[in-house]
Amino acid sequence: MKTFPLELSPLVRQGRYANFSRMADAAGQVFMAGYEECTPDYFIERSDFPFWTLEVVVGGHGFFREGRQQRHLRHGSVFTHGPGVVQHFGNEAERPFRKYFFVRGGGSFPQAWHAVGLRPGGVLQLGDVASLVGVLDKIVDEGQHSDAQTGQVVDGLEAVLLALIARHQGSASGEKSASRVVYDLAMEILLREYKNLHALSDLAQRSGYSSEYLCRIFKKYHGESPYQVLLHRKMSAAWLLLRDGQLQVGAVGRELGYEDPLHFSRVFRKIMGCAPSSVGTRG
């Protein structure tokens with residue numbers, strides 16, 4: 001059984017975790033990361049935590065107490081907690097969280113986090129998290145393939161992630177427009193159900209909005225079509241499955257809804273820039 005430097009919450013239905021085998025007190029280094037699908041009763045309340053933690057919500061709804069104010073957490077919410085910060089957050093029972101996190105050593109709030117607008121015990125609301133998911137997946141994946149280059153790779157991925165957070169910051173207060181509500185709903189469906197979505201019409205059917213309308217609002221809030229976002233999400237997941245080495249190329253394609261392995265290979269090469277057969281486990 002794997003051991004981790006931190007006690008993990010039992011209120012998680014499914015999780016993937018990475019321990020980078022670094023000293024937990026090493027300042028400025030990410031030493032643990034994870035992805036969690038939480039239970040309906042997920043709730044964290046504690047007066048302190050020894051390490052600085054950054055969490056990114058990619059699905060579900062909940063709350064976070066920021067000082068005396070209770071803030072809403074949803075798709076795209078980023079929040080931090082750590083030494084000297086009272087933590088009080090959880091999800092709604094009918095819409096539990098899906099979220100990523102990573103943990104840094106050191107007692108001081110990371111300057112790199114502060115530089116992109118994060119603050120201790122604060123919440124940022126991003127206009128988009130689809131581009132962050134692939135980076136977060138790769139950070140967690142690095143824990144499964146640890147080698148001499150892992151530390152440098154994780155540091156680089158964290159820098160990319162922080163740059164994306166800076167790019168996609170939006171307003172976390174005020175009422176959202178009707179189109180923004182639809183975009184958030186459609187994006188949450190896309191990130192949650194991407195394996196079973198094969199075309200834009202599938203997303204339209206699940207969200208209840210027309211393909212034309214979804215294309216307009218994705219262009220407005222994301223800059224890409226929903227179908228392009230779907231392809232990038234599928235191929236990012238395919239890359240991780242191929243790196244894991246448990247499935248052949250054809251099986252990975254079928255896992256993501258591609259019955260024709262040649263079609264899957266063409267799409268993968270176009271999106272990822274290499275053939276799926278060239279992706280493998282490290283020696």
# chains A, B, ... in the order shown; residues from 1 in each chain; ligands from 1
call {"tool": "closest_atom_pairs", "arguments": {"of": "stretch 125-205 of chain A", "to": "stretch 72-81 of chain A", "cutoff": "8 Å", "atoms": "only C-alpha atoms", "output": "tab-separated table"}}
result
residue	atom	partner	partner_atom	distance
A:Gln125	CA	A:Ser77	CA	4.6
A:Leu126	CA	A:Gly76	CA	4.9
A:Gly127	CA	A:Gly76	CA	6.7
A:Asp128	CA	A:Gly76	CA	6.1
A:Val129	CA	A:Gly76	CA	5.5
A:Asp184	CA	A:His75	CA	7.0
A:Glu188	CA	A:His75	CA	6.5
call {"tool": "write_last_selection", "arguments": {"atoms": "N, CA and C atoms", "output": "mmCIF file, in the first residue's frame"}}
result
data_model
loop_
_atom_site.group_PDB
_atom_site.id
_atom_site.type_symbol
_atom_site.label_atom_id
_atom_site.label_comp_id
_atom_site.auth_asym_id
_atom_site.auth_seq_id
_atom_site.Cartn_x
_atom_site.Cartn_y
_atom_site.Cartn_z
ATOM 1 N N GLN A 125 -11.743 33.087 -9.103
ATOM 2 C CA GLN A 125 -12.642 32.412 -10.033
ATOM 3 C C GLN A 125 -12.084 32.558 -11.441
ATOM 4 N N LEU A 126 -11.787 31.440 -12.090
ATOM 5 C CA LEU A 126 -11.233 31.464 -13.438
ATOM 6 C C LEU A 126 -12.348 31.403 -14.468
ATOM 7 N N GLY A 127 -12.116 32.081 -15.582
ATOM 8 C CA GLY A 127 -13.076 32.012 -16.673
ATOM 9 C C GLY A 127 -13.044 30.687 -17.395
ATOM 10 N N ASP A 128 -11.949 29.947 -17.257
ATOM 11 C CA ASP A 128 -11.814 28.655 -17.941
ATOM 12 C C ASP A 128 -10.814 27.788 -17.183
ATOM 13 N N VAL A 129 -11.126 26.505 -17.035
ATOM 14 C CA VAL A 129 -10.151 25.584 -16.437
ATOM 15 C C VAL A 129 -9.816 24.413 -17.349
ATOM 16 N N ASP A 184 -20.677 27.713 -18.242
ATOM 17 C CA ASP A 184 -20.195 26.958 -17.078
ATOM 18 C C ASP A 184 -20.838 25.577 -17.023
ATOM 19 N N GLU A 188 -18.742 22.085 -17.541
ATOM 20 C CA GLU A 188 -18.726 21.069 -16.491
ATOM 21 C C GLU A 188 -19.157 19.718 -17.049
#
call {"tool": "residues_around", "arguments": {"residues": "A:Tyr35", "least_positions_apart": "6", "cutoff": "9 Å", "atoms": "only C-alpha atoms", "output": "list in words"}}
result
Gln14, Gly15, Arg16, Tyr17, Arg98, Lys99, Tyr100, Phe101, Leu136, Asp137 and Val140 of chain A
call {"tool": "select_by_dssp", "arguments": {"residues": "stretch 217-267 of chain A", "states": "alpha helix (DSSP H)", "output": "JSON, numbers by chain"}}
result
{"A": [217, 218, 219, 220, 221, 226, 227, 228, 229, 230, 231, 232, 233, 234, 235, 236, 237, 238, 239, 240, 241, 242, 243, 244, 249, 250, 251, 252, 253, 254, 255, 261, 262, 263, 264, 265, 266, 267]}
call {"tool": "write_last_selection", "arguments": {"atoms": "C-alpha atoms", "output": "mmCIF file, in the first residue's frame"}}
result
data_model
loop_
_atom_site.group_PDB
_atom_site.id
_atom_site.type_symbol
_atom_site.label_atom_id
_atom_site.label_comp_id
_atom_site.auth_asym_id
_atom_site.auth_seq_id
_atom_site.Cartn_x
_atom_site.Cartn_y
_atom_site.Cartn_z
ATOM 1 C CA ILE A 217 -20.626 31.198 -26.137
ATOM 2 C CA PHE A 218 -17.490 28.989 -26.194
ATOM 3 C CA LYS A 219 -15.969 31.372 -28.737
ATOM 4 C CA LYS A 220 -16.835 34.277 -26.417
ATOM 5 C CA TYR A 221 -15.555 32.785 -23.156
ATOM 6 C CA PRO A 226 -16.571 23.154 -27.734
ATOM 7 C CA TYR A 227 -15.568 20.350 -30.096
ATOM 8 C CA GLN A 228 -11.915 21.471 -30.011
ATOM 9 C CA VAL A 229 -12.041 21.597 -26.207
ATOM 10 C CA LEU A 230 -13.502 18.077 -26.214
ATOM 11 C CA LEU A 231 -10.759 16.762 -28.500
ATOM 12 C CA HIS A 232 -8.015 18.267 -26.346
ATOM 13 C CA ARG A 233 -9.560 16.734 -23.207
ATOM 14 C CA LYS A 234 -9.856 13.303 -24.827
ATOM 15 C CA MET A 235 -6.307 13.337 -26.174
ATOM 16 C CA SER A 236 -4.870 14.523 -22.857
ATOM 17 C CA ALA A 237 -6.597 11.564 -21.190
ATOM 18 C CA ALA A 238 -5.322 9.274 -23.968
ATOM 19 C CA TRP A 239 -1.747 10.443 -23.391
ATOM 20 C CA LEU A 240 -1.985 9.500 -19.710
ATOM 21 C CA LEU A 241 -3.452 6.079 -20.497
ATOM 22 C CA LEU A 242 -0.725 5.406 -23.030
ATOM 23 C CA ARG A 243 1.964 6.533 -20.587
ATOM 24 C CA ASP A 244 0.542 4.146 -18.005
ATOM 25 C CA VAL A 249 -3.359 1.968 -28.672
ATOM 26 C CA GLY A 250 -6.600 0.425 -29.945
ATOM 27 C CA ALA A 251 -7.877 -0.186 -26.419
ATOM 28 C CA VAL A 252 -7.091 3.411 -25.405
ATOM 29 C CA GLY A 253 -9.021 4.621 -28.431
ATOM 30 C CA ARG A 254 -12.036 2.493 -27.513
ATOM 31 C CA GLU A 255 -11.874 3.750 -23.921
ATOM 32 C CA PRO A 261 -7.893 2.815 -34.206
ATOM 33 C CA LEU A 262 -6.691 4.581 -37.373
ATOM 34 C CA HIS A 263 -9.115 7.450 -36.798
ATOM 35 C CA PHE A 264 -8.000 7.673 -33.161
ATOM 36 C CA SER A 265 -4.335 7.716 -34.213
ATOM 37 C CA ARG A 266 -4.944 10.513 -36.727
ATOM 38 C CA VAL A 267 -6.754 12.654 -34.156
#
call {"tool": "atom_distance", "arguments": {"atom1": "atom CA of A:Ser210", "atom2": "atom CA of A:Tyr258"}}
result
24.0 Å
call {"tool": "closest_residue", "arguments": {"among": "A:Leu124, A:Leu203, A:Pro50, A:Leu190", "to": "A:Phe109", "atoms": "only C-alpha atoms"}}
result
A:Pro50
call {"tool": "residues_around", "arguments": {"residues": "stretch 67-70 of chain A", "least_positions_apart": "4", "cutoff": "9 Å", "atoms": "only C-alpha atoms", "output": "PyMOL selection string"}}
result
chain A and resi 63+86+121-122
call {"tool": "closest_residue", "arguments": {"among": "A:Ser179, A:Ser131, A:Gln144, A:Ser108", "to": "A:Val160", "atoms": "only C-alpha atoms"}}
result
A:Ser131
call {"tool": "residues_around", "arguments": {"residues": "A:Gln111", "least_positions_apart": "4", "cutoff": "12 Å", "atoms": "only C-alpha atoms", "output": "list in words"}}
result
Ala27, Gly28, Trp52, Arg104, Gly106, Gly107, Ala115, Val116, Gly117, Leu118, Arg119, Pro120, Ala159 and Leu162 of chain A
call {"tool": "write_last_selection", "arguments": {"atoms": "C-alpha atoms", "output": "PDB file, in the first residue's frame"}}
result
ATOM      1  CA  ALA A  27      10.768  25.472   0.848  1.00  0.00           C
ATOM      2  CA  GLY A  28       9.383  26.173  -2.598  1.00  0.00           C
ATOM      3  CA  TRP A  52       0.537  25.531   1.570  1.00  0.00           C
ATOM      4  CA  ARG A 104       4.275  22.887  -1.303  1.00  0.00           C
ATOM      5  CA  GLY A 106       7.945  25.889   3.392  1.00  0.00           C
ATOM      6  CA  GLY A 107       6.305  28.164   5.934  1.00  0.00           C
ATOM      7  CA  ALA A 115       2.453  36.978  -8.227  1.00  0.00           C
ATOM      8  CA  VAL A 116      -0.560  35.569 -10.106  1.00  0.00           C
ATOM      9  CA  GLY A 117      -3.127  36.983  -7.687  1.00  0.00           C
ATOM     10  CA  LEU A 118      -3.481  34.135  -5.198  1.00  0.00           C
ATOM     11  CA  ARG A 119      -3.448  34.944  -1.498  1.00  0.00           C
ATOM     12  CA  PRO A 120      -3.547  32.918   1.727  1.00  0.00           C
ATOM     13  CA  ALA A 159       4.970  27.405 -13.698  1.00  0.00           C
ATOM     14  CA  LEU A 162       0.314  29.458 -12.646  1.00  0.00           C
TER      15      LEU A 162
END
call {"tool": "residues_around", "arguments": {"residues": "A:Phe43", "least_positions_apart": "3", "cutoff": "8 Å", "atoms": "only C-alpha atoms", "output": "list in words"}}
result
Leu11, His88, Phe89, Gly90 and Asn91 of chain A
call {"tool": "residues_around", "arguments": {"residues": "A:Asn19", "least_positions_apart": "6", "cutoff": "7 Å", "atoms": "only C-alpha atoms", "output": "ChimeraX atom specification"}}
result
/A:4,31-33,143
call {"tool": "select_by_dssp", "arguments": {"residues": "stretch 5-200 of chain A", "states": "strand (DSSP E)", "output": "VMD selection string"}}
result
chain A and resid 12 to 19 30 to 38 43 to 46 52 to 59 62 to 66 69 to 73 77 to 81 87 to 91 98 to 104 123 to 126 169 to 170
call {"tool": "closest_residue", "arguments": {"among": "A:Arg192, A:His198, A:Arg167, A:Arg180", "to": "A:Glu37", "atoms": "only C-alpha atoms"}}
result
A:Arg192
call {"tool": "closest_residue", "arguments": {"among": "A:Val182, A:Ala163, A:Ile189, A:Ala204", "to": "A:Ala112", "atoms": "only C-alpha atoms"}}
result
A:Ala163
call {"tool": "atom_distance", "arguments": {"atom1": "atom CA of A:Gly60", "atom2": "atom CA of A:Tyr42"}}
result
11.4 Å
call {"tool": "closest_residue", "arguments": {"among": "A:Leu197, A:Leu256, A:Ala275, A:Leu132", "to": "A:Glu55", "atoms": "only C-alpha atoms"}}
result
A:Leu132
